[in-house]
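Participant: Sharing upload_35.pdb below, PDB, C-alpha atoms:
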```pdb
MODEL        1
ATOM      1  CA  MET P   1       6.708 114.178  30.858
ATOM      2  CA  SER P   2       4.775 111.941  28.491
ATOM      3  CA  LEU P   3       5.257 108.221  28.625
ATOM      4  CA  GLU P   4       5.887 106.229  25.483
ATOM      5  CA  PRO P   5       3.116 103.704  24.839
ATOM      6  CA  THR P   6       4.276 100.187  25.449
ATOM      7  CA  LYS P   7       3.807  97.499  22.854
ATOM      8  CA  PRO P   8       2.238  94.208  23.888
ATOM      9  CA  PRO P   9       4.690  91.313  23.957
ATOM     10  CA  PRO P  10       4.735  89.258  20.753
ATOM     11  CA  ALA P  11       2.611  86.131  20.725
ATOM     12  CA  PRO P  12       4.545  82.901  21.107
ATOM     13  CA  PRO P  13       5.288  81.263  17.736
ATOM     14  CA  GLY P  14       2.224  79.490  16.396
ATOM     15  CA  LEU P  15      -0.331  80.966  18.765
ATOM     16  CA  ASP P  16      -1.577  83.294  16.012
ATOM     17  CA  ALA P  17      -2.448  80.221  13.924
ATOM     18  CA  LEU P  18      -4.180  78.605  16.883
ATOM     19  CA  ARG P  19      -6.064  81.857  17.440
ATOM     20  CA  GLU P  20      -7.491  81.566  13.909
ATOM     21  CA  VAL P  21      -8.862  78.150  14.829
ATOM     22  CA  VAL P  22     -10.338  79.473  18.078
ATOM     23  CA  ASP P  23     -11.950  82.420  16.302
ATOM     24  CA  SER P  24     -13.616  80.067  13.817
ATOM     25  CA  GLY P  25     -15.786  78.727  16.653
ATOM     26  CA  LEU P  26     -15.195  75.150  15.535
ATOM     27  CA  LEU P  27     -13.578  74.059  18.790
ATOM     28  CA  ARG P  28     -16.935  74.532  20.534
ATOM     29  CA  CYS P  29     -19.005  72.600  17.965
ATOM     30  CA  GLY P  30     -20.306  69.392  19.498
ATOM     31  CA  VAL P  31     -19.403  70.495  23.025
ATOM     32  CA  PRO P  32     -22.324  70.597  25.516
ATOM     33  CA  ALA P  33     -23.478  74.150  26.170
ATOM     34  CA  HIS P  34     -23.110  73.828  29.949
ATOM     35  CA  LEU P  35     -19.411  73.040  29.412
ATOM     36  CA  GLY P  36     -18.749  75.988  27.110
ATOM     37  CA  GLY P  37     -20.084  74.655  23.819
ATOM     38  CA  ALA P  38     -21.711  76.692  21.070
ATOM     39  CA  GLY P  39     -24.815  74.555  20.613
ATOM     40  CA  GLU P  40     -23.883  73.361  17.129
ATOM     41  CA  GLY P  41     -23.343  69.667  16.540
ATOM     42  CA  LEU P  42     -20.854  67.443  14.766
ATOM     43  CA  ALA P  43     -22.391  68.159  11.341
ATOM     44  CA  ALA P  44     -21.328  71.799  11.719
ATOM     45  CA  LEU P  45     -17.892  70.670  12.882
ATOM     46  CA  ALA P  46     -17.473  68.407   9.844
ATOM     47  CA  ALA P  47     -18.519  71.125   7.394
ATOM     48  CA  GLY P  48     -16.271  73.697   9.030
ATOM     49  CA  ALA P  49     -13.289  71.335   9.197
ATOM     50  CA  ALA P  50     -13.588  70.513   5.490
ATOM     51  CA  GLU P  51     -13.798  74.201   4.552
ATOM     52  CA  LEU P  52     -10.822  75.052   6.766
ATOM     53  CA  ALA P  53      -8.757  72.282   5.172
ATOM     54  CA  ARG P  54      -9.483  73.635   1.694
ATOM     55  CA  HIS P  55      -8.024  77.074   2.339
ATOM     56  CA  ASP P  56      -5.606  76.455   5.239
ATOM     57  CA  PRO P  57      -4.303  72.879   5.653
ATOM     58  CA  ALA P  58      -2.071  73.862   8.570
ATOM     59  CA  ALA P  59      -5.000  75.302  10.514
ATOM     60  CA  ALA P  60      -6.970  72.123   9.808
ATOM     61  CA  TRP P  61      -4.274  70.119  11.584
ATOM     62  CA  LEU P  62      -4.362  72.480  14.566
ATOM     63  CA  LEU P  63      -8.134  72.105  14.727
ATOM     64  CA  TRP P  64      -7.797  68.325  14.522
ATOM     65  CA  ALA P  65      -5.320  68.160  17.406
ATOM     66  CA  GLN P  66      -7.001  70.699  19.687
ATOM     67  CA  ARG P  67     -10.559  69.433  19.183
ATOM     68  CA  LEU P  68      -9.647  65.769  19.737
ATOM     69  CA  ALA P  69      -7.882  66.755  22.953
ATOM     70  CA  ILE P  70     -11.013  68.634  24.026
ATOM     71  CA  GLU P  71     -13.158  65.589  23.287
ATOM     72  CA  ALA P  72     -10.832  63.380  25.315
ATOM     73  CA  LEU P  73     -11.413  65.645  28.315
ATOM     74  CA  LEU P  74     -15.163  65.567  27.729
ATOM     75  CA  GLN P  75     -15.179  61.763  27.662
ATOM     76  CA  SER P  76     -12.765  61.258  30.549
ATOM     77  CA  PRO P  77     -14.064  60.008  33.903
ATOM     78  CA  ASN P  78     -11.331  62.121  35.507
ATOM     79  CA  VAL P  79     -13.499  65.126  36.356
ATOM     80  CA  ALA P  80     -10.627  66.983  38.033
ATOM     81  CA  LEU P  81      -8.579  66.976  34.828
ATOM     82  CA  ARG P  82     -11.548  68.243  32.826
ATOM     83  CA  GLU P  83     -12.314  71.033  35.268
ATOM     84  CA  HIS P  84      -8.670  72.110  35.309
ATOM     85  CA  TRP P  85      -7.976  72.161  31.548
ATOM     86  CA  LEU P  86     -11.182  72.323  29.498
ATOM     87  CA  ALA P  87     -11.706  76.088  29.558
ATOM     88  CA  ASP P  88      -8.087  76.725  28.520
ATOM     89  CA  PHE P  89      -8.324  74.213  25.668
ATOM     90  CA  LEU P  90     -11.572  75.735  24.395
ATOM     91  CA  SER P  91     -10.229  79.290  24.537
ATOM     92  CA  GLY P  92      -6.860  78.416  23.017
ATOM     93  CA  GLU P  93      -5.043  79.754  26.057
ATOM     94  CA  ARG P  94      -3.434  76.337  26.191
ATOM     95  CA  ALA P  95      -2.460  74.375  23.090
ATOM     96  CA  ALA P  96      -3.360  70.699  23.180
ATOM     97  CA  THR P  97      -2.551  67.790  20.944
ATOM     98  CA  VAL P  98      -2.793  64.063  20.360
ATOM     99  CA  ALA P  99      -0.314  61.873  18.527
ATOM    100  CA  PRO P 100      -1.573  60.816  15.058
ATOM    101  CA  SER P 101      -0.325  57.261  15.676
ATOM    102  CA  PHE P 102      -1.155  54.953  18.545
ATOM    103  CA  ASP P 103       2.456  54.009  19.257
ATOM    104  CA  ALA P 104       2.505  53.739  23.027
ATOM    105  CA  LEU P 105       5.015  55.122  25.460
ATOM    106  CA  TYR P 106       6.562  52.692  27.899
ATOM    107  CA  ALA P 107       6.229  53.072  31.662
ATOM    108  CA  HIS P 108       8.330  51.919  34.579
ATOM    109  CA  ASP P 109       6.484  51.659  37.897
ATOM    110  CA  THR P 110       8.484  53.323  40.670
ATOM    111  CA  GLY P 111       5.958  52.672  43.433
ATOM    112  CA  ARG P 112       5.224  56.413  43.641
ATOM    113  CA  GLY P 113       4.225  56.794  40.003
ATOM    114  CA  TRP P 114       5.607  55.866  36.590
ATOM    115  CA  LEU P 115       8.593  56.990  34.546
ATOM    116  CA  LEU P 116       7.691  57.276  30.872
ATOM    117  CA  ARG P 117       9.965  56.888  27.880
ATOM    118  CA  GLY P 118       9.529  56.710  24.147
ATOM    119  CA  GLU P 119       9.064  58.763  21.008
ATOM    120  CA  LEU P 120       5.975  60.136  19.280
ATOM    121  CA  GLN P 121       6.114  61.444  15.726
ATOM    122  CA  PRO P 122       5.032  63.510  13.998
ATOM    123  CA  VAL P 123       2.766  65.460  16.352
ATOM    124  CA  PRO P 124       1.045  68.739  15.322
ATOM    125  CA  ASN P 125       0.098  71.798  17.386
ATOM    126  CA  LEU P 126       3.092  71.680  19.693
ATOM    127  CA  GLN P 127       3.475  75.511  19.860
ATOM    128  CA  TRP P 128       7.044  74.757  21.037
ATOM    129  CA  ALA P 129       6.142  75.712  24.619
ATOM    130  CA  ASP P 130       3.254  75.318  27.022
ATOM    131  CA  PHE P 131       1.202  72.594  25.399
ATOM    132  CA  SER P 132      -0.594  69.539  26.722
ATOM    133  CA  LEU P 133      -0.240  66.080  25.188
ATOM    134  CA  ILE P 134      -2.673  63.177  25.232
ATOM    135  CA  ALA P 135      -0.762  59.969  24.616
ATOM    136  CA  PRO P 136      -1.106  56.193  24.939
ATOM    137  CA  VAL P 137       1.006  54.559  27.620
ATOM    138  CA  ARG P 138       1.642  50.892  28.384
ATOM    139  CA  LEU P 139       1.242  50.943  32.168
ATOM    140  CA  ASN P 140       0.612  47.333  33.172
ATOM    141  CA  GLY P 141       0.555  44.530  30.627
ATOM    142  CA  PRO P 142      -0.161  44.737  26.897
ATOM    143  CA  VAL P 143      -3.144  47.124  27.106
ATOM    144  CA  ASP P 144      -2.566  50.825  26.529
ATOM    145  CA  HIS P 145      -4.056  53.537  28.723
ATOM    146  CA  TRP P 146      -4.217  57.260  27.931
ATOM    147  CA  VAL P 147      -2.627  60.036  29.954
ATOM    148  CA  LEU P 148      -2.437  63.817  29.876
ATOM    149  CA  LEU P 149       1.083  65.249  30.038
ATOM    150  CA  ARG P 150       2.392  68.818  30.108
ATOM    151  CA  SER P 151       5.229  70.103  27.947
ATOM    152  CA  GLU P 152       6.826  71.536  31.084
ATOM    153  CA  GLU P 153       7.560  68.057  32.435
ATOM    154  CA  ASP P 154      11.243  67.278  32.967
ATOM    155  CA  GLY P 155      12.485  64.838  30.335
ATOM    156  CA  LEU P 156      10.086  65.864  27.558
ATOM    157  CA  SER P 157      11.717  67.469  24.528
ATOM    158  CA  VAL P 158      10.588  68.592  21.050
ATOM    159  CA  VAL P 159      12.454  68.223  17.772
ATOM    160  CA  PRO P 160      10.765  70.379  15.084
ATOM    161  CA  ASP P 161       9.728  68.540  11.933
ATOM    162  CA  THR P 162      11.510  69.721   8.794
ATOM    163  CA  GLY P 163       9.829  67.311   6.390
ATOM    164  CA  ALA P 164       7.705  68.455   3.491
ATOM    165  CA  ASN P 165       4.599  66.632   4.708
ATOM    166  CA  TRP P 166       3.715  69.241   7.325
ATOM    167  CA  PRO P 167       2.981  72.931   6.688
ATOM    168  CA  ALA P 168       5.079  75.207   8.890
ATOM    169  CA  LYS P 169       2.052  76.615  10.720
ATOM    170  CA  ALA P 170       1.010  73.093  11.725
ATOM    171  CA  LEU P 171       3.899  73.189  14.223
ATOM    172  CA  ALA P 172       4.611  69.504  13.937
ATOM    173  CA  GLY P 173       7.552  67.800  15.535
ATOM    174  CA  ARG P 174       8.917  64.695  17.170
ATOM    175  CA  LEU P 175       8.429  64.293  20.895
ATOM    176  CA  ARG P 176      11.004  62.479  22.976
ATOM    177  CA  LEU P 177      10.284  61.361  26.519
ATOM    178  CA  GLU P 178      12.999  60.105  28.824
ATOM    179  CA  HIS P 179      12.169  59.444  32.477
ATOM    180  CA  VAL P 180       9.102  61.703  32.417
ATOM    181  CA  PHE P 181       7.298  61.300  35.726
ATOM    182  CA  PHE P 182       3.599  60.459  35.542
ATOM    183  CA  ARG P 183       1.257  60.508  38.526
ATOM    184  CA  GLU P 184      -1.948  58.518  38.800
ATOM    185  CA  ASP P 185      -4.069  61.681  38.961
ATOM    186  CA  GLU P 186      -3.025  62.465  35.358
ATOM    187  CA  TRP P 187      -4.640  59.250  34.078
ATOM    188  CA  LEU P 188      -7.207  60.185  31.435
ATOM    189  CA  PHE P 189      -8.870  57.082  30.034
ATOM    190  CA  GLY P 190      -8.604  53.362  29.470
ATOM    191  CA  PRO P 191      -7.845  51.560  26.197
ATOM    192  CA  ASP P 192     -11.205  52.334  24.585
ATOM    193  CA  LEU P 193     -10.595  56.106  24.266
ATOM    194  CA  PRO P 194     -10.196  55.939  20.442
ATOM    195  CA  GLN P 195     -13.624  54.329  20.125
ATOM    196  CA  ARG P 196     -15.152  57.002  22.367
ATOM    197  CA  LEU P 197     -13.600  59.730  20.211
ATOM    198  CA  ALA P 198     -14.534  58.078  16.895
ATOM    199  CA  PRO P 199     -17.475  60.396  16.019
ATOM    200  CA  VAL P 200     -15.374  63.539  16.459
ATOM    201  CA  ALA P 201     -12.392  61.987  14.650
ATOM    202  CA  ALA P 202     -14.684  61.164  11.716
ATOM    203  CA  ALA P 203     -16.034  64.721  11.639
ATOM    204  CA  LEU P 204     -12.511  66.175  11.575
ATOM    205  CA  ALA P 205     -11.142  63.820   8.921
ATOM    206  CA  PRO P 206     -12.474  65.439   5.675
ATOM    207  CA  GLY P 207      -9.760  67.364   3.903
ATOM    208  CA  LEU P 208      -6.797  66.146   5.952
ATOM    209  CA  PRO P 209      -3.987  65.115   3.598
ATOM    210  CA  CYS P 210      -3.403  61.727   5.233
ATOM    211  CA  LEU P 211      -5.133  59.198   7.437
ATOM    212  CA  THR P 212      -4.255  58.831  11.097
ATOM    213  CA  ASP P 213      -4.825  55.945  13.483
ATOM    214  CA  TRP P 214      -7.701  57.979  14.934
ATOM    215  CA  ASN P 215      -9.428  58.175  11.558
ATOM    216  CA  ARG P 216      -8.876  54.485  10.827
ATOM    217  CA  THR P 217     -10.511  53.646  14.151
ATOM    218  CA  ALA P 218     -13.404  55.958  13.307
ATOM    219  CA  LEU P 219     -13.925  54.303   9.929
ATOM    220  CA  SER P 220     -13.985  50.845  11.503
ATOM    221  CA  THR P 221     -16.320  51.921  14.303
ATOM    222  CA  LEU P 222     -18.956  54.040  12.580
TER     223      LEU P 222
ENDMDL
END
```
Can you dump the structure from the file as structure tokens?
Facilitator:
Amino acid sequence: MSLEPTKPPPAPPGLDALREVVDSGLLRCGVPAHLGGAGEGLAALAAGAAELARHDPAAAWLLWAQRLAIEALLQSPNVALREHWLADFLSGERAATVAPSFDALYAHDTGRGWLLRGELQPVPNLQWADFSLIAPVRLNGPVDHWVLLRSEEDGLSVVPDTGANWPAKALAGRLRLEHVFFREDEWLFGPDLPQRLAPVAAALAPGLPCLTDWNRTALSTL
């Protein structure tokens, strides 16, 4: 008796678009070779990002979000986070994103960790499931720190964006956090992360339809 060939399961919505970005090789531009980089620098990233934006604006937003998240891991002093997530971010096995604005989440110290609440909008490259988010959080006092959160966390929800400003493949939406638990080992960086990411943000900016807080910081820093 012959067996019917089985079809592979369909890719989760949006992962095909992220795969296009991965296949372009741009995620590895400017990444050290010993960490999985391709050996090309930020000039190649800037040229590729501008070309991608000309023919596929949605993919340009995915590149922007994923590559900035990669750079945040590269710059982070939290080596454990980098070792755990970097390979998946580079390969596209895990979608990653940063919020275009620096509006911080609020944190309540429980003594065992923090409970986060707030809203971030609009955020691209959500993939609707299984993504990682790099976000500013007000932990203690007026200075924001940066954390890495998983979409699987209890209390984190996504509302898809239906506005005309975002192409459908950009997978943008509004993130709501209500009592999302954050542990100290998920801390990523202090308040100067935007300045540390400024060169990559500047390289990714050409062709994007609007400025973000990341790009404004890059313009004021470079």
Participant: Find, counting all atoms listed in the file, the residue in P:Val200, P:Glu51, P:Trp214, P:Arg19 that gets nearest to Asp103 (chain P).
Facilitator: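 Smallest separation from Asp103 (chain P) among the options: P:Trp214.
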Participant: Apply the PyMOL selection byres ((chain P and resi 146-148) around 6) to the file shown and report the selected residues as a ChimeraX atom specification.
Facilitator: /P:133-137,145,149,186-189
Participant: Given the file shown, determine the residues that the PyMOL selection byres ((chain P and resi 37-47) around 9) selects; report them as a VMD selection string.
Facilitator: chain P and resid 25 to 36 48 to 52 90 199 to 200 202 to 206
Participant: Do a neighbour search on Gln121 (chain P) at 7 Å with all atoms listed in the file, toss out local chain neighbours closer than 5 positions, and write the hits as a ChimeraX atom specification.
Facilitator: /P:173-175
Participant: Looking at P:Gly207, P:Pro142, P:Pro77, P:Pro167, which one is nearest to Leu105 (chain P), with distances taken over all atoms listed in the file?
Facilitator: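 Using all atoms listed in the file, the shortest distance to Leu105 (chain P) belongs to P:Pro142.
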